[in-house]
Amino acid sequence: MPYTLFLTTLLFAPLAFGSVETWSIALVEILVFLTTLFFFFQVSGNRYPLYRVPGILPLLLLLFWIFLQLLPLPPFLVKTIAPGIYQSYAPILAIQDSNQWIPLTIHQKDTLLEFLRISSYVLLYFLTVQLLTKSVLMAKTVRIIAYFSIAIAFLAILQSFTSPKEIYWFRPTPSNAMGPWVNRNHYSGFMELVLPLLLTLFFFYRPTIPNKQSLRARLVSLISPPESNIRFFLGFGIVLILASVFIALSRGGIISITFGVFFFLFLRHRKTPGSGNALPLALLGTVFLAISWFGWDPILSRFNFNLEINSFTGNRLQVWQDCIPLIKNSPLTGSGFGSFVHIFPQCNTQLSRAIFDHAHNDYIELLTDGGLIAFLLAAWFVITILRHGLQQLAIRREPYSILLIIGALTAIFSFLLHSISDFNMHIGSNGLYFFFLCGLLVSAGNTRLRYHNTPTLLKTLSPKWKASLLFAFPLLLLTVTFQGGVLRANKLHQQALQTYINPQLSEKIFEKQLLTINKAIQADPLEGRYSYYKANLFYYLQQDQAAFENYFQAAVKDPMEGIYLQRLGVSLPPSEATKASLLMKESYIRSLNTSKEDMLFTWAKWHLLNNRKKEALPVLQQGLERFPGLTRKLASLLMKKQVDKEDIRLILPQRVDNWIQFGTDIEKLGLTEESEFYFRHALDYVSREETVSPKHFIQIYRFYMKRSQTDEAIAVLRQGIEWLPDHAPFHIFLGDYYKQQNSPYQAGKEYEKALFLDPENKSIQKRIQSLQ
């Protein structure tokens with residue numbers, strides 16, 4: 001039973017869309033914890049011993065460290081050991097001047113989810129070592145996973161050519177999917193882990209062909225043995241997997257899996273020098289021909305060999321640089337496992353609207369989330385595993401064990417290499433398989449293939465350690481209740497969002513909404529969205545104190561969510577203006593690029609509505625420099641608060657478009673005289689424009705013509721001709737003016753200039769004919 005559940009977990013994880021969604025990773029965790037409990041019942045007697053597992057100590061310490069991050073601690077202690085985390089909570093704690101304890105993470109919910117995920121990885125690693133001490137089960141598992149990976153590669157290629165935007169031909173994706181994975185990089189990361197198992201079997205079934213035989217005899221020896229069908233099928237699978245990774249166009253995947261193949265061949269050659277090179281070369285040649293059939297152009301264009309580092313790293317390099325302040329803020333502890341998506345916006349220097357949920361580098365993200373403590377513990381584990389594998393490789397003599405050790409080492413090497421440019425460790429199935437390969441490396445190095453008194457070289461543990469497996473039971477309960485609560489709460493929240501909240505809703509509907517969101521909070525008490533929704537309900541009911549308390553709870557649960565901090569600041573009374581101002585500032589810093597413009601507008605509006613014009617002006621000046629479109633929202637607000645022209649001159653960016661837009665918005669408010677000031681001064685900044693546009697002059701020209709200020713309009717035209725003498729419409733407008741002034745000679749000269757610049761314009765020709 002334990003082995004069946006173990007194998008089911010390994011097969012289910014990749015097929016469930018890579019186990020990246022709440023329901024799929026929860027099922028994987030439940031399967032692992034159930035397998036552990038069934039294994040405990042199997043070994044609870046003295047008949048089945050437990051074996052020592054290399055590297056288990058740093059893994060247990062890592063789990064303890066993640067658990068410690070979840071525990072609330074006194075603020076002074078957090079400030080000492082994790083100043084970055086303390087600063088995240090400081091503006092919120094300052095509101096109530098309380099001594100509320102805070103955890104060593106900025107997002108308890110996501111840290112708890114990571115604790116459950118990594119716990120399942122650790123237990124799977126432990127189970128792999130224990131279950132595969134039986135050589136029959138080890139060989140069976142390797143065969144099943146190898147054949148399974150061939151099926152996935154075939155599915156991925158077929159799907160990429162028939163339905164690239166849908167997984168399994170029914171699940172739509174935002175980008176080109178590859179097999180069960182939404183992201184091609186994650187598909188490649190999985191294949192890096194399983195390809196070495198196929199290489200292991202392929203070379204194990206390789207026939208021994210004497211060099212003295214003729215070519216004909218060698219060919220007969222190659223295809224005659226009973227294992228030849230298996231060997232050819234495995235060779236086909238290797239070609240299929242490599243081709244699929246190249247078709248996926250994952251640059252990190254292509255590099256990692258290619259280096260992995262050469263790493264495998266290198267270790268095999270070092271261990272068995274006389275093994276020959278003809279078969280590997282034939283295999284690589286077949287892969288080359290297969291990729292050539294699909295075409296090399298898309299692959300080469302993905303790499304874009306122009307000697308610029310950004311052509312390969314894209315925006316990853318900038319993300320890595322932006323992570324440096326995060327590491328410096330809390331170098332020892334990090335900001336909490338799973339918190340990268342929440343902490344990164346405050347250090348993001350890119351202006352794109354992209355959301356970075358991971359650092360695209362597992363090592364950097366380990367430092368940002370877990371600090372130096374987690375990084376050293378993870379390094380301890382990896383070094384222990386690799387060292388153990390190399391030691392066993394040196395002493396084992398069985399060809400199958402040697403090849404399987406080399407295969408597991410290759411898988412780990414390729415995966416660690418790819419982790420430099422991606423976040424495969426955070427993909428449920430890929431992380432699971434990494435720990436499975438670590439366990440397989442230990443098993444391959446220690447499991448005896450022939451009959452012996454003991455099935456493995458590993459030392460046994462004391463029977464008292466068997467009881468520690470019961471730790472899987474509380475993990476199972478926690479997964480079912482917490483993950484189930486997350487799913488249920490999200491469903492309730494979606495149900496509540498179907499009703500638009502506004503003051504006109506009846507009291508009965510408000511009570512219904514309140515009941516629904518209370519159930520969501522009860523099901524998922526660590527999620528800030530539900531407390532925020534509840535606070536908004538009380539806000540519309542004008543229950544200010546209840547709204548404030550729930551905004552406070554939302555901010556404590558997720559202190560890096562800008563909108564929670566901003567609404568908390570707005571709900572404070574005028575006497576707390578200083579604290580509210582700090583919250584407003586932090587809310588803007590911590591918000592995503594997608595919402596910064598709205599956050600800044602609300603921040604400035606709050607200052608103006610509270611008669612804090614002096615504080616509002618620098619906020620507006622900063623905002624308009626980054627968000628020129630903000631000009632459209634400001635006109636009515638600034639006019640309402642009677643901000644004078646000189647102050648507006650200071651905050652408006654020195655760009656023509658902003659001044660014209662602001663003048664247009666003022667005009668729409670019916671303040672025509674005031675708007676003329678902004679139109680008149682807009683052209684003062686033409687010299688600052690990188691590209692002078694004709695529309696700058698035409699908009700102002702039409703404004704003056706509409707007001708019958710002909711002299712000012714013509715002056716704008718002449719200024720436009722000075723800047724853009726080759727723009728024909730300026731000369732047409734000026735010719736029309738001269739014609740109205742009964743100056744046909746001057747009109748004709750302007751029309752002729754326009755015709756010279758635009759010979760095909762028939763309207764100019766008609767104007768000239770009308771003069772004649």
# chains A, B, ... in the order shown; residues from 1 in each chain; ligands from 1
call {"tool": "closest_atom_pairs", "arguments": {"of": "segment 644-720 of chain A", "to": "segment 618-628 of chain A", "cutoff": "10 Å", "atoms": "only C-alpha atoms", "output": "tab-separated table"}}
result
residue	atom	partner	partner_atom	distance
A:Ile648	CA	A:Gln621	CA	9.1
A:Arg649	CA	A:Gln621	CA	9.8
A:Leu650	CA	A:Gln621	CA	7.4
A:Ile651	CA	A:Gln621	CA	4.2
A:Leu652	CA	A:Gln621	CA	6.5
A:Pro653	CA	A:Glu625	CA	5.8
A:Gln654	CA	A:Glu625	CA	8.9
A:Arg655	CA	A:Pro628	CA	9.2
A:Asp657	CA	A:Pro628	CA	8.5
A:Asn658	CA	A:Pro628	CA	6.6
A:Gln661	CA	A:Pro628	CA	9.6
call {"tool": "residues_around", "arguments": {"residues": "Phe64 of chain A", "least_positions_apart": "4", "cutoff": "12 Å", "atoms": "only C-alpha atoms", "output": "list in words"}}
result
Leu57, Pro58, Leu59, Leu60, Leu68, Gln69, Leu70, Leu71, Leu112, Phe115, Leu116, Ile118, Ser119, Gly370, Ile373, Ala374 and Leu377 of chain A
call {"tool": "residues_around", "arguments": {"residues": "Ser352 of chain A", "least_positions_apart": "2", "cutoff": "12 Å", "atoms": "only C-alpha atoms", "output": "PyMOL selection string"}}
result
chain A and resi 315+318-319+345+348-350+354-356+592-596+626
call {"tool": "write_last_selection", "arguments": {"atoms": "all heavy atoms", "output": "compact mmCIF listing (two decimals), in the first residue's frame"}}
result
# COMPACT_ATOMS: atom_id res chain seq x y z
N ASN A 315 14.66 40.72 -18.43
CA ASN A 315 14.59 41.60 -17.26
C ASN A 315 14.99 40.88 -15.98
O ASN A 315 14.85 41.44 -14.90
CB ASN A 315 13.19 42.20 -17.13
CG ASN A 315 12.12 41.12 -17.03
OD1 ASN A 315 12.42 39.93 -16.95
ND2 ASN A 315 10.88 41.54 -17.06
N GLN A 318 17.77 42.74 -13.97
CA GLN A 318 17.28 43.88 -13.20
C GLN A 318 16.55 43.42 -11.94
O GLN A 318 16.67 44.02 -10.87
CB GLN A 318 16.34 44.73 -14.06
CG GLN A 318 15.89 46.02 -13.40
CD GLN A 318 17.06 46.93 -13.07
OE1 GLN A 318 17.88 47.24 -13.94
NE2 GLN A 318 17.16 47.35 -11.82
N VAL A 319 15.78 42.32 -12.06
CA VAL A 319 15.09 41.78 -10.88
C VAL A 319 16.11 41.34 -9.84
O VAL A 319 15.95 41.62 -8.64
CB VAL A 319 14.20 40.59 -11.29
CG1 VAL A 319 13.63 39.90 -10.05
CG2 VAL A 319 13.06 41.06 -12.19
N PRO A 345 7.61 44.40 -4.61
CA PRO A 345 7.20 45.68 -5.20
C PRO A 345 7.86 46.91 -4.60
O PRO A 345 8.08 47.89 -5.30
CB PRO A 345 5.68 45.69 -4.95
CG PRO A 345 5.30 44.26 -4.95
CD PRO A 345 6.46 43.54 -4.29
N ASN A 348 11.13 47.23 -6.49
CA ASN A 348 11.08 47.06 -7.94
C ASN A 348 11.32 48.40 -8.64
O ASN A 348 10.54 49.35 -8.48
CB ASN A 348 9.71 46.50 -8.35
CG ASN A 348 9.62 46.23 -9.84
OD1 ASN A 348 10.63 46.22 -10.55
ND2 ASN A 348 8.42 46.00 -10.31
N THR A 349 12.40 48.51 -9.40
CA THR A 349 12.73 49.76 -10.10
C THR A 349 12.24 49.76 -11.54
O THR A 349 12.39 50.77 -12.23
CB THR A 349 14.26 49.97 -10.10
OG1 THR A 349 14.90 48.87 -10.76
CG2 THR A 349 14.79 50.09 -8.68
N GLN A 350 11.67 48.66 -12.00
CA GLN A 350 11.17 48.61 -13.36
C GLN A 350 9.80 49.27 -13.44
O GLN A 350 8.99 49.18 -12.51
CB GLN A 350 11.07 47.16 -13.84
CG GLN A 350 12.41 46.43 -13.81
CD GLN A 350 12.32 45.05 -14.38
OE1 GLN A 350 11.98 44.87 -15.54
NE2 GLN A 350 12.62 44.05 -13.58
N ALA A 354 4.31 44.38 -15.10
CA ALA A 354 4.43 42.95 -14.82
C ALA A 354 4.49 42.71 -13.32
O ALA A 354 5.03 43.52 -12.56
CB ALA A 354 5.68 42.37 -15.49
N ILE A 355 3.91 41.58 -12.88
CA ILE A 355 3.94 41.18 -11.48
C ILE A 355 4.96 40.06 -11.33
O ILE A 355 4.85 39.02 -11.99
CB ILE A 355 2.55 40.71 -11.02
CG1 ILE A 355 1.54 41.86 -11.12
CG2 ILE A 355 2.60 40.18 -9.59
CD1 ILE A 355 0.12 41.45 -10.79
N PHE A 356 5.94 40.28 -10.48
CA PHE A 356 7.00 39.29 -10.27
C PHE A 356 6.67 38.48 -9.01
O PHE A 356 6.88 38.95 -7.89
CB PHE A 356 8.36 39.98 -10.13
CG PHE A 356 8.80 40.69 -11.38
CD1 PHE A 356 8.55 42.05 -11.55
CD2 PHE A 356 9.44 40.01 -12.40
CE1 PHE A 356 8.94 42.71 -12.70
CE2 PHE A 356 9.82 40.65 -13.56
CZ PHE A 356 9.58 42.01 -13.71
N LEU A 592 1.78 47.63 -6.13
CA LEU A 592 2.24 47.16 -7.43
C LEU A 592 2.22 48.31 -8.43
O LEU A 592 1.48 49.29 -8.28
CB LEU A 592 1.35 46.03 -7.93
CG LEU A 592 1.36 44.73 -7.10
CD1 LEU A 592 0.23 43.81 -7.58
CD2 LEU A 592 2.69 44.04 -7.21
N ASN A 593 3.03 48.17 -9.49
CA ASN A 593 3.05 49.20 -10.54
C ASN A 593 1.68 49.38 -11.18
O ASN A 593 1.34 50.45 -11.66
CB ASN A 593 4.07 48.84 -11.61
CG ASN A 593 5.50 49.09 -11.14
OD1 ASN A 593 5.72 49.78 -10.14
ND2 ASN A 593 6.46 48.52 -11.83
N THR A 594 0.88 48.31 -11.19
CA THR A 594 -0.44 48.39 -11.80
C THR A 594 -1.38 49.31 -11.05
O THR A 594 -2.37 49.78 -11.62
CB THR A 594 -1.06 46.98 -11.87
OG1 THR A 594 -1.03 46.38 -10.57
CG2 THR A 594 -0.28 46.09 -12.84
N SER A 595 -1.11 49.57 -9.78
CA SER A 595 -2.03 50.39 -8.98
C SER A 595 -1.38 51.66 -8.42
O SER A 595 -2.03 52.41 -7.70
CB SER A 595 -2.59 49.56 -7.82
OG SER A 595 -1.54 49.06 -7.01
N LYS A 596 -0.11 51.90 -8.73
CA LYS A 596 0.59 53.05 -8.13
C LYS A 596 -0.05 54.38 -8.51
O LYS A 596 -0.09 55.31 -7.70
CB LYS A 596 2.06 53.03 -8.55
CG LYS A 596 2.94 52.11 -7.70
CD LYS A 596 4.39 52.31 -7.97
CE LYS A 596 5.26 51.35 -7.16
NZ LYS A 596 5.16 51.56 -5.71
N ARG A 626 6.04 60.64 -13.12
CA ARG A 626 5.99 59.22 -13.50
C ARG A 626 4.72 58.87 -14.24
O ARG A 626 4.72 58.03 -15.13
CB ARG A 626 6.12 58.36 -12.25
CG ARG A 626 6.07 56.88 -12.55
CD ARG A 626 6.46 56.04 -11.36
NE ARG A 626 6.39 54.62 -11.69
CZ ARG A 626 6.69 53.63 -10.85
NH1 ARG A 626 7.09 53.92 -9.63
NH2 ARG A 626 6.59 52.37 -11.23
call {"tool": "closest_residue", "arguments": {"among": "A:Arg397, A:Arg767, A:Lys534, A:Lys519", "to": "Lys739 of chain A", "atoms": "only C-alpha atoms"}}
result
A:Arg767
call {"tool": "select_by_dssp", "arguments": {"residues": "segment 520-627 of chain A", "states": "alpha helix (DSSP H)", "output": "short mmCIF file (atom, residue, chain, number, x, y, z; two decimals) with C-alpha atoms, in the first residue's frame"}}
result
data_model
loop_
_atom_site.label_atom_id
_atom_site.label_comp_id
_atom_site.auth_asym_id
_atom_site.auth_seq_id
_atom_site.Cartn_x
_atom_site.Cartn_y
_atom_site.Cartn_z
CA ALA A 520 -14.66 33.21 4.57
CA ILE A 521 -12.62 34.72 7.42
CA GLN A 522 -13.37 31.72 9.60
CA ALA A 523 -12.29 29.32 6.84
CA GLY A 528 -6.18 39.83 4.40
CA ARG A 529 -8.60 40.19 1.47
CA TYR A 530 -11.57 39.05 3.51
CA SER A 531 -10.96 41.42 6.42
CA TYR A 532 -10.56 44.21 3.87
CA TYR A 533 -13.89 43.36 2.26
CA LYS A 534 -15.55 43.28 5.66
CA ALA A 535 -14.06 46.69 6.48
CA ASN A 536 -15.52 48.11 3.27
CA LEU A 537 -18.95 46.81 4.29
CA PHE A 538 -18.75 48.66 7.61
CA TYR A 539 -17.43 51.74 5.82
CA TYR A 540 -20.56 51.95 3.67
CA ASP A 544 -16.25 53.88 11.32
CA GLN A 545 -14.82 52.06 14.33
CA ALA A 546 -15.68 48.60 12.97
CA ALA A 547 -14.28 49.58 9.58
CA PHE A 548 -11.05 50.79 11.19
CA GLU A 549 -10.62 47.56 13.17
CA ASN A 550 -11.03 45.39 10.10
CA TYR A 551 -8.73 47.57 7.99
CA PHE A 552 -6.20 47.14 10.78
CA GLN A 553 -6.62 43.36 10.74
CA ALA A 554 -6.20 43.26 6.96
CA ALA A 555 -3.00 45.31 7.20
CA VAL A 556 -1.55 43.08 9.94
CA LYS A 557 -2.24 39.96 7.88
CA GLY A 562 -0.66 49.02 -0.31
CA ILE A 563 -4.43 49.40 -0.51
CA TYR A 564 -4.88 48.00 3.01
CA LEU A 565 -2.48 50.56 4.43
CA GLN A 566 -4.07 53.39 2.48
CA ARG A 567 -7.61 52.60 3.58
CA LEU A 568 -6.34 52.25 7.15
CA GLY A 569 -4.79 55.71 6.89
CA VAL A 570 -7.98 57.23 5.44
CA ALA A 577 -2.80 62.96 10.51
CA THR A 578 0.92 62.31 11.01
CA LYS A 579 0.45 58.56 11.36
CA ALA A 580 -2.01 58.54 8.47
CA SER A 581 0.48 60.41 6.27
CA LEU A 582 3.13 57.76 6.98
CA LEU A 583 0.66 55.02 6.04
CA MET A 584 -0.17 56.87 2.81
CA LYS A 585 3.48 57.09 1.86
CA GLU A 586 4.14 53.43 2.66
CA SER A 587 1.04 52.32 0.79
CA TYR A 588 2.37 53.93 -2.38
CA ILE A 589 5.85 52.44 -1.96
CA ARG A 590 4.49 48.94 -1.34
CA LYS A 596 0.59 53.05 -8.13
CA GLU A 597 -1.12 55.77 -10.16
CA ASP A 598 -4.44 55.37 -8.31
CA MET A 599 -2.64 55.07 -4.98
CA LEU A 600 -0.75 58.30 -5.55
CA PHE A 601 -3.87 60.19 -6.61
CA THR A 602 -5.69 59.09 -3.44
CA TRP A 603 -2.65 60.05 -1.38
CA ALA A 604 -2.58 63.58 -2.82
CA LYS A 605 -6.35 63.91 -2.63
CA TRP A 606 -6.29 62.99 1.06
CA HIS A 607 -3.72 65.73 1.75
CA LEU A 608 -5.80 68.34 -0.10
CA LEU A 609 -9.08 67.34 1.54
CA LYS A 613 -1.59 71.61 0.55
CA LYS A 614 2.07 71.93 1.45
CA GLU A 615 2.35 68.14 1.75
CA ALA A 616 0.20 67.47 -1.32
CA LEU A 617 2.28 69.47 -3.81
CA PRO A 618 5.49 67.35 -3.68
CA VAL A 619 3.36 64.20 -3.89
CA LEU A 620 1.68 65.51 -7.02
CA GLN A 621 4.97 66.66 -8.50
CA GLN A 622 6.47 63.20 -8.00
CA GLY A 623 3.37 61.50 -9.38
CA LEU A 624 2.98 63.60 -12.52
CA GLU A 625 6.60 62.98 -13.47
CA ARG A 626 5.99 59.22 -13.50
#
call {"tool": "residues_around", "arguments": {"residues": "Tyr678 of chain A", "least_positions_apart": "2", "cutoff": "7 Å", "atoms": "only C-alpha atoms", "output": "ChimeraX atom specification"}}
result
/A:659-660,663,675-676,680-682
call {"tool": "write_last_selection", "arguments": {"atoms": "N, CA, C and O atoms", "output": "JSON list (two decimals), in the first residue's frame"}}
result
[["chain", "number", "residue", "atom", "x", "y", "z"],
["A", 659, "TRP", "N", 0.71, 70.32, -20.01],
["A", 659, "TRP", "CA", 0.11, 71.65, -19.89],
["A", 659, "TRP", "C", -1.13, 71.79, -20.78],
["A", 659, "TRP", "O", -2.14, 72.36, -20.37],
["A", 660, "ILE", "N", -1.06, 71.25, -21.99],
["A", 660, "ILE", "CA", -2.23, 71.30, -22.87],
["A", 660, "ILE", "C", -3.37, 70.49, -22.29],
["A", 660, "ILE", "O", -4.53, 70.92, -22.29],
["A", 663, "GLY", "N", -4.92, 72.32, -19.37],
["A", 663, "GLY", "CA", -5.73, 73.43, -19.87],
["A", 663, "GLY", "C", -7.04, 72.95, -20.46],
["A", 663, "GLY", "O", -8.09, 73.56, -20.26],
["A", 675, "SER", "N", -8.09, 78.46, -18.16],
["A", 675, "SER", "CA", -7.45, 77.49, -19.05],
["A", 675, "SER", "C", -6.48, 78.17, -20.01],
["A", 675, "SER", "O", -5.48, 77.56, -20.43],
["A", 676, "GLU", "N", -6.75, 79.42, -20.38],
["A", 676, "GLU", "CA", -5.89, 80.12, -21.34],
["A", 676, "GLU", "C", -4.46, 80.25, -20.82],
["A", 676, "GLU", "O", -3.51, 80.22, -21.58],
["A", 680, "ARG", "N", -1.32, 79.02, -23.03],
["A", 680, "ARG", "CA", -0.34, 80.05, -23.41],
["A", 680, "ARG", "C", 1.08, 79.65, -23.01],
["A", 680, "ARG", "O", 2.04, 79.90, -23.73],
["A", 681, "HIS", "N", 1.21, 79.01, -21.84],
["A", 681, "HIS", "CA", 2.55, 78.66, -21.35],
["A", 681, "HIS", "C", 3.01, 77.26, -21.76],
["A", 681, "HIS", "O", 4.16, 76.91, -21.48],
["A", 682, "ALA", "N", 2.15, 76.51, -22.42],
["A", 682, "ALA", "CA", 2.53, 75.14, -22.81],
["A", 682, "ALA", "C", 3.75, 75.14, -23.73],
["A", 682, "ALA", "O", 4.65, 74.31, -23.58]]
call {"tool": "select_by_dssp", "arguments": {"residues": "segment 102-265 of chain A", "states": "strand (DSSP E)", "output": "PyMOL selection string"}}
result
chain A and resi 166-167+171-172
call {"tool": "closest_residue", "arguments": {"among": "A:Ile144, A:Gly439, A:Lys328, A:Phe344", "to": "Phe381 of chain A", "atoms": "only C-alpha atoms"}}
result
A:Gly439
